[in-house]
2 protein chains.
Amino acid sequence: MKKEITKASIQLFEQKGFSQTSIQDIVESLNVTKGTFYYYFTSKEQLLMDIHNQYIDNLLTQQKKIIDNSSFTNREKIKKIIALLIRDIRDEKSSGKVFFREIVHLNSENVGTIKEKRNRFRINIEDIVRKGIDNKEFKTNLRPDMVAFGILGVTNYSYNWYNPEGEVTPEELTNIFSVIVLEGLLDE
Amino acid sequence: MKKEITKASIQLFEQKGFSQTSIQDIVESLNVTKGTFYYYFTSKEQLLMDIHNQYIDNLLTQQKKIIDNSSFTNREKIKKIIALLIRDIRDEKSSGKVFFREIVHLNSENVGTIKEKRNRFRINIEDIVRKGIDNKEFKTNLRPDMVAFGILGVTNYSYNWYNPEGEVTPEELTNIFSVIVLEGLLDE
């Protein structure tokens, strides 16, 4: 039931916004009582924090699998992380919207926890870039921190415009973005 | 005086938000009367639309100068547009914030006008990419529309994290981002 409550809440938060959604709205959408809600969550804020944690923990877990796979080159790791983030727009669009938009409704301690996890995701990309520079896969004259921000710019901006149900599939978009980031536009 | 009112309003809108700033706040910050305000603007909304128009018109004008200069290759045009957008974060940070954040306070007709201009900026980049593909400067297997979104992702995301007063200058950041977009990370 905890999963059902979380899922229904993500839909309601996406449609109506966190502030405009009451616990009453959530339990009514599932035909359960408020008692059921409070059996699993102490408050609407705790539920929102749960949603934030699940969203970023899931991304970090998948990122870790990519990083820890020693059969991948650093180049392959960058491409797989781009694929992970673009696929996520298709698979977790509602959670992603709630994650980016409703973080203002977390208390400052919780915001700190979530931002620290977001930073970890970015610094993990920076580490891959640094290793790729060290082993001469990547160009040596680039700052890994700025490169990581550049890669996240390409993928995160897609949340604003990309429609995964449109004519460009997540796989095609991943390929285009990987070519830009890894090989560049120039035909040489 | 119109310029002074606009400038003071951008600062106030950035600090307090559009909704929280009254015309009284604006005129008090300049030691002028409300009559002076209404001599130049019919309403706070019209002033906000003026700010939006100036911001995007300025970017479109500078972009046009780059596009119309036939001595530039398409590669140079892409780099110069990246430079334009990164420099803009330094020079127009307050206007940029107001532009991205307060567009919700424009009426739907005005939103349409501004979105059309934003789209034009993006489609101009798409056109450069298409020309670069046609004349074999750029790789031929990439969709120009997706590439344009990728480039704008790199630059627009910088508004969220880049501090132009920090250790990386706008020129350095432009160079790093241009290398990524044009030549790619790979050392080959």
# chains A, B, ... in the order shown; residues from 1 in each chain; ligands from 1

call {"tool": "residues_around", "arguments": {"residues": "A:Ala83", "least_positions_apart": "6", "cutoff": "10 Å", "atoms": "only C-alpha atoms", "output": "JSON, numbers by chain"}}
result
{"A": [77, 155, 170, 171, 172, 173, 174, 175, 177, 178]}

call {"tool": "interface_residues", "arguments": {"of": "chain A", "to": "chain B", "cutoff": "8 Å", "atoms": "only C-alpha atoms", "output": "PyMOL selection string"}}
result
chain A and resi 75+136-140+142-143+146-147+149-158+173+176-177+179-187

call {"tool": "residues_around", "arguments": {"residues": "A:Thr36", "least_positions_apart": "3", "cutoff": "12 Å", "atoms": "only C-alpha atoms", "output": "list of chain:residue names"}}
result
A:Met1, A:Lys2, A:Glu4, A:Ile5, A:Ile23, A:Gln24, A:Ile26, A:Val27, A:Glu28, A:Leu30, A:Asn31, A:Val32, A:Thr33, A:Tyr39, A:Tyr40, A:Phe41, A:Thr42

call {"tool": "write_last_selection", "arguments": {"atoms": "all heavy atoms", "output": "short mmCIF file (atom, residue, chain, number, x, y, z; two decimals), in the first residue's frame"}}
result
data_model
loop_
_atom_site.label_atom_id
_atom_site.label_comp_id
_atom_site.auth_asym_id
_atom_site.auth_seq_id
_atom_site.Cartn_x
_atom_site.Cartn_y
_atom_site.Cartn_z
N MET A 1 0.83 -1.23 0.00
CA MET A 1 0.00 0.00 0.00
C MET A 1 0.86 1.27 0.00
O MET A 1 0.52 2.28 -0.60
CB MET A 1 -0.93 -0.03 1.23
CG MET A 1 -1.83 1.21 1.39
SD MET A 1 -2.74 1.74 -0.10
CE MET A 1 -3.91 0.42 -0.34
N LYS A 2 2.06 1.18 0.66
CA LYS A 2 2.95 2.34 0.68
C LYS A 2 3.30 2.76 -0.76
O LYS A 2 3.29 3.95 -1.09
CB LYS A 2 4.22 1.98 1.45
CG LYS A 2 5.06 3.20 1.79
CD LYS A 2 6.26 2.88 2.68
CE LYS A 2 6.98 4.18 3.02
NZ LYS A 2 8.21 3.98 3.78
N GLU A 4 1.55 2.19 -3.50
CA GLU A 4 0.37 2.75 -4.16
C GLU A 4 0.16 4.22 -3.75
O GLU A 4 -0.17 5.06 -4.57
CB GLU A 4 -0.91 1.96 -3.81
CG GLU A 4 -1.09 0.68 -4.61
CD GLU A 4 -0.30 -0.50 -4.04
OE1 GLU A 4 0.52 -0.30 -3.11
OE2 GLU A 4 -0.50 -1.63 -4.53
N ILE A 5 0.33 4.49 -2.44
CA ILE A 5 0.16 5.86 -1.96
C ILE A 5 1.19 6.78 -2.63
O ILE A 5 0.88 7.87 -3.10
CB ILE A 5 0.29 5.93 -0.42
CG1 ILE A 5 -0.87 5.16 0.23
CG2 ILE A 5 0.31 7.38 0.06
CD1 ILE A 5 -0.76 5.04 1.75
N ILE A 23 -3.89 15.66 1.85
CA ILE A 23 -3.86 14.22 2.19
C ILE A 23 -5.23 13.61 1.86
O ILE A 23 -5.32 12.48 1.37
CB ILE A 23 -3.47 14.03 3.67
CG1 ILE A 23 -2.01 14.48 3.86
CG2 ILE A 23 -3.64 12.57 4.11
CD1 ILE A 23 -1.51 14.44 5.29
N GLN A 24 -6.29 14.40 2.07
CA GLN A 24 -7.64 13.95 1.71
C GLN A 24 -7.71 13.59 0.22
O GLN A 24 -8.26 12.54 -0.14
CB GLN A 24 -8.64 15.08 2.04
CG GLN A 24 -10.10 14.69 1.92
CD GLN A 24 -10.48 13.57 2.90
OE1 GLN A 24 -9.98 13.53 4.02
NE2 GLN A 24 -11.33 12.65 2.47
N ILE A 26 -5.33 12.59 -1.66
CA ILE A 26 -4.53 11.38 -1.90
C ILE A 26 -5.33 10.14 -1.50
O ILE A 26 -5.45 9.19 -2.28
CB ILE A 26 -3.18 11.44 -1.13
CG1 ILE A 26 -2.33 12.61 -1.65
CG2 ILE A 26 -2.42 10.12 -1.27
CD1 ILE A 26 -1.14 12.96 -0.77
N VAL A 27 -5.89 10.15 -0.29
CA VAL A 27 -6.59 8.94 0.17
C VAL A 27 -7.87 8.71 -0.62
O VAL A 27 -8.24 7.57 -0.92
CB VAL A 27 -6.86 8.97 1.71
CG1 VAL A 27 -5.54 8.99 2.47
CG2 VAL A 27 -7.75 10.13 2.12
N GLU A 28 -8.55 9.80 -1.02
CA GLU A 28 -9.76 9.64 -1.84
C GLU A 28 -9.45 8.98 -3.18
O GLU A 28 -10.22 8.16 -3.67
CB GLU A 28 -10.41 11.00 -2.10
CG GLU A 28 -11.47 11.36 -1.05
CD GLU A 28 -12.05 12.74 -1.28
OE1 GLU A 28 -11.98 13.26 -2.43
OE2 GLU A 28 -12.58 13.30 -0.31
N LEU A 30 -7.46 6.78 -3.79
CA LEU A 30 -7.18 5.35 -3.61
C LEU A 30 -8.30 4.64 -2.87
O LEU A 30 -8.21 3.43 -2.61
CB LEU A 30 -5.88 5.18 -2.83
CG LEU A 30 -4.59 5.55 -3.56
CD1 LEU A 30 -3.44 5.69 -2.58
CD2 LEU A 30 -4.25 4.49 -4.62
N ASN A 31 -9.35 5.41 -2.47
CA ASN A 31 -10.43 4.82 -1.68
C ASN A 31 -9.95 4.17 -0.39
O ASN A 31 -10.38 3.08 -0.02
CB ASN A 31 -11.20 3.78 -2.51
CG ASN A 31 -12.39 4.42 -3.21
OD1 ASN A 31 -13.11 5.22 -2.61
ND2 ASN A 31 -12.57 4.07 -4.48
N VAL A 32 -9.02 4.83 0.28
CA VAL A 32 -8.59 4.36 1.60
C VAL A 32 -8.82 5.48 2.62
O VAL A 32 -9.23 6.58 2.26
CB VAL A 32 -7.10 3.93 1.61
CG1 VAL A 32 -6.89 2.74 0.68
CG2 VAL A 32 -6.18 5.09 1.24
N THR A 33 -8.56 5.19 3.90
CA THR A 33 -8.79 6.19 4.94
C THR A 33 -7.51 6.96 5.24
O THR A 33 -6.40 6.52 4.89
CB THR A 33 -9.24 5.53 6.26
OG1 THR A 33 -8.17 4.68 6.71
CG2 THR A 33 -10.50 4.70 6.04
N TYR A 39 -0.47 5.51 8.71
CA TYR A 39 0.23 4.28 9.09
C TYR A 39 1.61 4.24 8.40
O TYR A 39 2.59 3.75 8.98
CB TYR A 39 -0.61 3.06 8.69
CG TYR A 39 0.03 1.74 9.03
CD1 TYR A 39 -0.02 1.24 10.33
CD2 TYR A 39 0.69 1.00 8.05
CE1 TYR A 39 0.57 0.02 10.65
CE2 TYR A 39 1.29 -0.22 8.36
CZ TYR A 39 1.22 -0.70 9.67
OH TYR A 39 1.82 -1.90 9.97
N TYR A 40 1.69 4.81 7.19
CA TYR A 40 2.94 4.75 6.42
C TYR A 40 3.76 6.04 6.47
O TYR A 40 4.98 6.01 6.34
CB TYR A 40 2.65 4.40 4.95
CG TYR A 40 2.06 3.02 4.78
CD1 TYR A 40 0.71 2.85 4.51
CD2 TYR A 40 2.87 1.89 4.91
CE1 TYR A 40 0.18 1.59 4.36
CE2 TYR A 40 2.34 0.62 4.77
CZ TYR A 40 1.00 0.47 4.49
OH TYR A 40 0.47 -0.78 4.35
N PHE A 41 3.07 7.19 6.62
CA PHE A 41 3.78 8.47 6.57
C PHE A 41 3.35 9.35 7.74
O PHE A 41 2.18 9.36 8.10
CB PHE A 41 3.47 9.21 5.26
CG PHE A 41 3.84 8.43 4.03
CD1 PHE A 41 2.88 7.72 3.33
CD2 PHE A 41 5.15 8.39 3.57
CE1 PHE A 41 3.21 6.98 2.20
CE2 PHE A 41 5.49 7.66 2.44
CZ PHE A 41 4.52 6.96 1.75
N THR A 42 4.31 10.11 8.30
CA THR A 42 3.93 11.01 9.39
C THR A 42 3.30 12.31 8.87
O THR A 42 2.56 12.96 9.59
CB THR A 42 5.16 11.38 10.26
OG1 THR A 42 6.15 11.96 9.40
CG2 THR A 42 5.75 10.14 10.93
#

call {"tool": "residues_around", "arguments": {"residues": "A:Ile81", "least_positions_apart": "6", "cutoff": "9 Å", "atoms": "only C-alpha atoms", "output": "PDB file with N, CA and C atoms, in the first residue's frame"}}
result
ATOM      1  N   GLN A  62      21.754   3.234 -10.285  1.00  0.00           N
ATOM      2  CA  GLN A  62      22.015   2.855 -11.680  1.00  0.00           C
ATOM      3  C   GLN A  62      23.356   3.413 -12.151  1.00  0.00           C
ATOM      4  N   GLN A  63      23.684   4.631 -11.705  1.00  0.00           N
ATOM      5  CA  GLN A  63      24.974   5.214 -12.076  1.00  0.00           C
ATOM      6  C   GLN A  63      26.124   4.365 -11.512  1.00  0.00           C
ATOM      7  N   ILE A  66      27.017   1.361 -13.523  1.00  0.00           N
ATOM      8  CA  ILE A  66      27.805   1.722 -14.706  1.00  0.00           C
ATOM      9  C   ILE A  66      29.260   1.965 -14.307  1.00  0.00           C
ATOM     10  N   ILE A 125      30.352  11.937 -12.361  1.00  0.00           N
ATOM     11  CA  ILE A 125      30.636  12.174 -13.786  1.00  0.00           C
ATOM     12  C   ILE A 125      32.003  12.839 -13.930  1.00  0.00           C
TER      13      ILE A 125
END

call {"tool": "select_by_dssp", "arguments": {"residues": "stretch 80-124 of chain B", "states": "alpha helix (DSSP H)", "output": "ChimeraX atom specification"}}
result
/B:80-91,93-101,108-124

call {"tool": "atom_distance", "arguments": {"atom1": "atom CA of A:Ile78", "atom2": "atom CA of B:Asp127"}}
result
27.9 Å

call {"tool": "atom_distance", "arguments": {"atom1": "atom CA of A:Thr6", "atom2": "atom CA of A:Gln46"}}
result
11.0 Å

call {"tool": "closest_residue", "arguments": {"among": "B:Lys131, B:Lys93, B:Lys34, B:Lys3", "to": "B:Asp50", "atoms": "only C-alpha atoms"}}
result
B:Lys3

call {"tool": "atom_distance", "arguments": {"atom1": "atom CA of B:Ala8", "atom2": "atom CA of B:Thr61"}}
result
23.6 Å

call {"tool": "closest_residue", "arguments": {"among": "B:Arg101, B:Tyr159, B:Ser71, B:Asp145", "to": "B:Arg122", "atoms": "only C-alpha atoms"}}
result
B:Asp145

call {"tool": "residues_around", "arguments": {"residues": "A:Lys115", "least_positions_apart": "6", "cutoff": "12 Å", "atoms": "only C-alpha atoms", "output": "PyMOL selection string"}}
result
chain A and resi 52-53+56-57+99-100+103-104+106+108-109+121-122

call {"tool": "write_last_selection", "arguments": {"atoms": "N, CA and C atoms", "output": "mmCIF file, in the first residue's frame"}}
result
data_model
loop_
_atom_site.group_PDB
_atom_site.id
_atom_site.type_symbol
_atom_site.label_atom_id
_atom_site.label_comp_id
_atom_site.auth_asym_id
_atom_site.auth_seq_id
_atom_site.Cartn_x
_atom_site.Cartn_y
_atom_site.Cartn_z
ATOM 1 N N HIS A 52 11.531 12.283 -3.186
ATOM 2 C CA HIS A 52 12.825 12.842 -3.590
ATOM 3 C C HIS A 52 13.948 11.821 -3.402
ATOM 4 N N ASN A 53 13.956 11.180 -2.232
ATOM 5 C CA ASN A 53 14.998 10.191 -1.970
ATOM 6 C C ASN A 53 14.959 9.036 -2.967
ATOM 7 N N ILE A 56 16.322 10.180 -6.562
ATOM 8 C CA ILE A 56 17.773 10.373 -6.716
ATOM 9 C C ILE A 56 18.541 9.101 -6.337
ATOM 10 N N ASP A 57 18.038 8.345 -5.353
ATOM 11 C CA ASP A 57 18.711 7.079 -4.992
ATOM 12 C C ASP A 57 18.700 6.106 -6.168
ATOM 13 N N PHE A 99 10.377 16.160 -8.580
ATOM 14 C CA PHE A 99 11.720 16.316 -8.002
ATOM 15 C C PHE A 99 12.274 17.720 -8.239
ATOM 16 N N PHE A 100 12.223 18.165 -9.501
ATOM 17 C CA PHE A 100 12.825 19.463 -9.829
ATOM 18 C C PHE A 100 11.977 20.633 -9.303
ATOM 19 N N ILE A 103 11.054 20.762 -4.785
ATOM 20 C CA ILE A 103 12.104 20.725 -3.760
ATOM 21 C C ILE A 103 11.988 21.917 -2.805
ATOM 22 N N VAL A 104 11.399 23.022 -3.267
ATOM 23 C CA VAL A 104 11.199 24.203 -2.412
ATOM 24 C C VAL A 104 10.333 23.891 -1.196
ATOM 25 N N LEU A 106 10.555 21.185 0.696
ATOM 26 C CA LEU A 106 11.260 20.412 1.720
ATOM 27 C C LEU A 106 11.854 21.370 2.749
ATOM 28 N N SER A 108 14.888 22.764 5.308
ATOM 29 C CA SER A 108 16.260 23.032 4.865
ATOM 30 C C SER A 108 17.174 21.824 5.092
ATOM 31 N N GLU A 109 16.934 21.044 6.148
ATOM 32 C CA GLU A 109 17.767 19.865 6.384
ATOM 33 C C GLU A 109 17.583 18.855 5.233
ATOM 34 N N PHE A 121 26.031 12.765 -7.744
ATOM 35 C CA PHE A 121 25.810 12.298 -9.113
ATOM 36 C C PHE A 121 26.710 13.063 -10.090
ATOM 37 N N ARG A 122 26.795 14.382 -9.894
ATOM 38 C CA ARG A 122 27.612 15.221 -10.777
ATOM 39 C C ARG A 122 29.103 14.937 -10.596
#

call {"tool": "closest_residue", "arguments": {"among": "A:Asn69, A:Asn119, A:Ser22, A:Ser95", "to": "A:Glu45", "atoms": "only C-alpha atoms"}}
result
A:Ser22

call {"tool": "closest_residue", "arguments": {"among": "B:Asp134, B:Glu14, B:Ser9, B:Asn74", "to": "B:Lys97", "atoms": "only C-alpha atoms"}}
result
B:Glu14
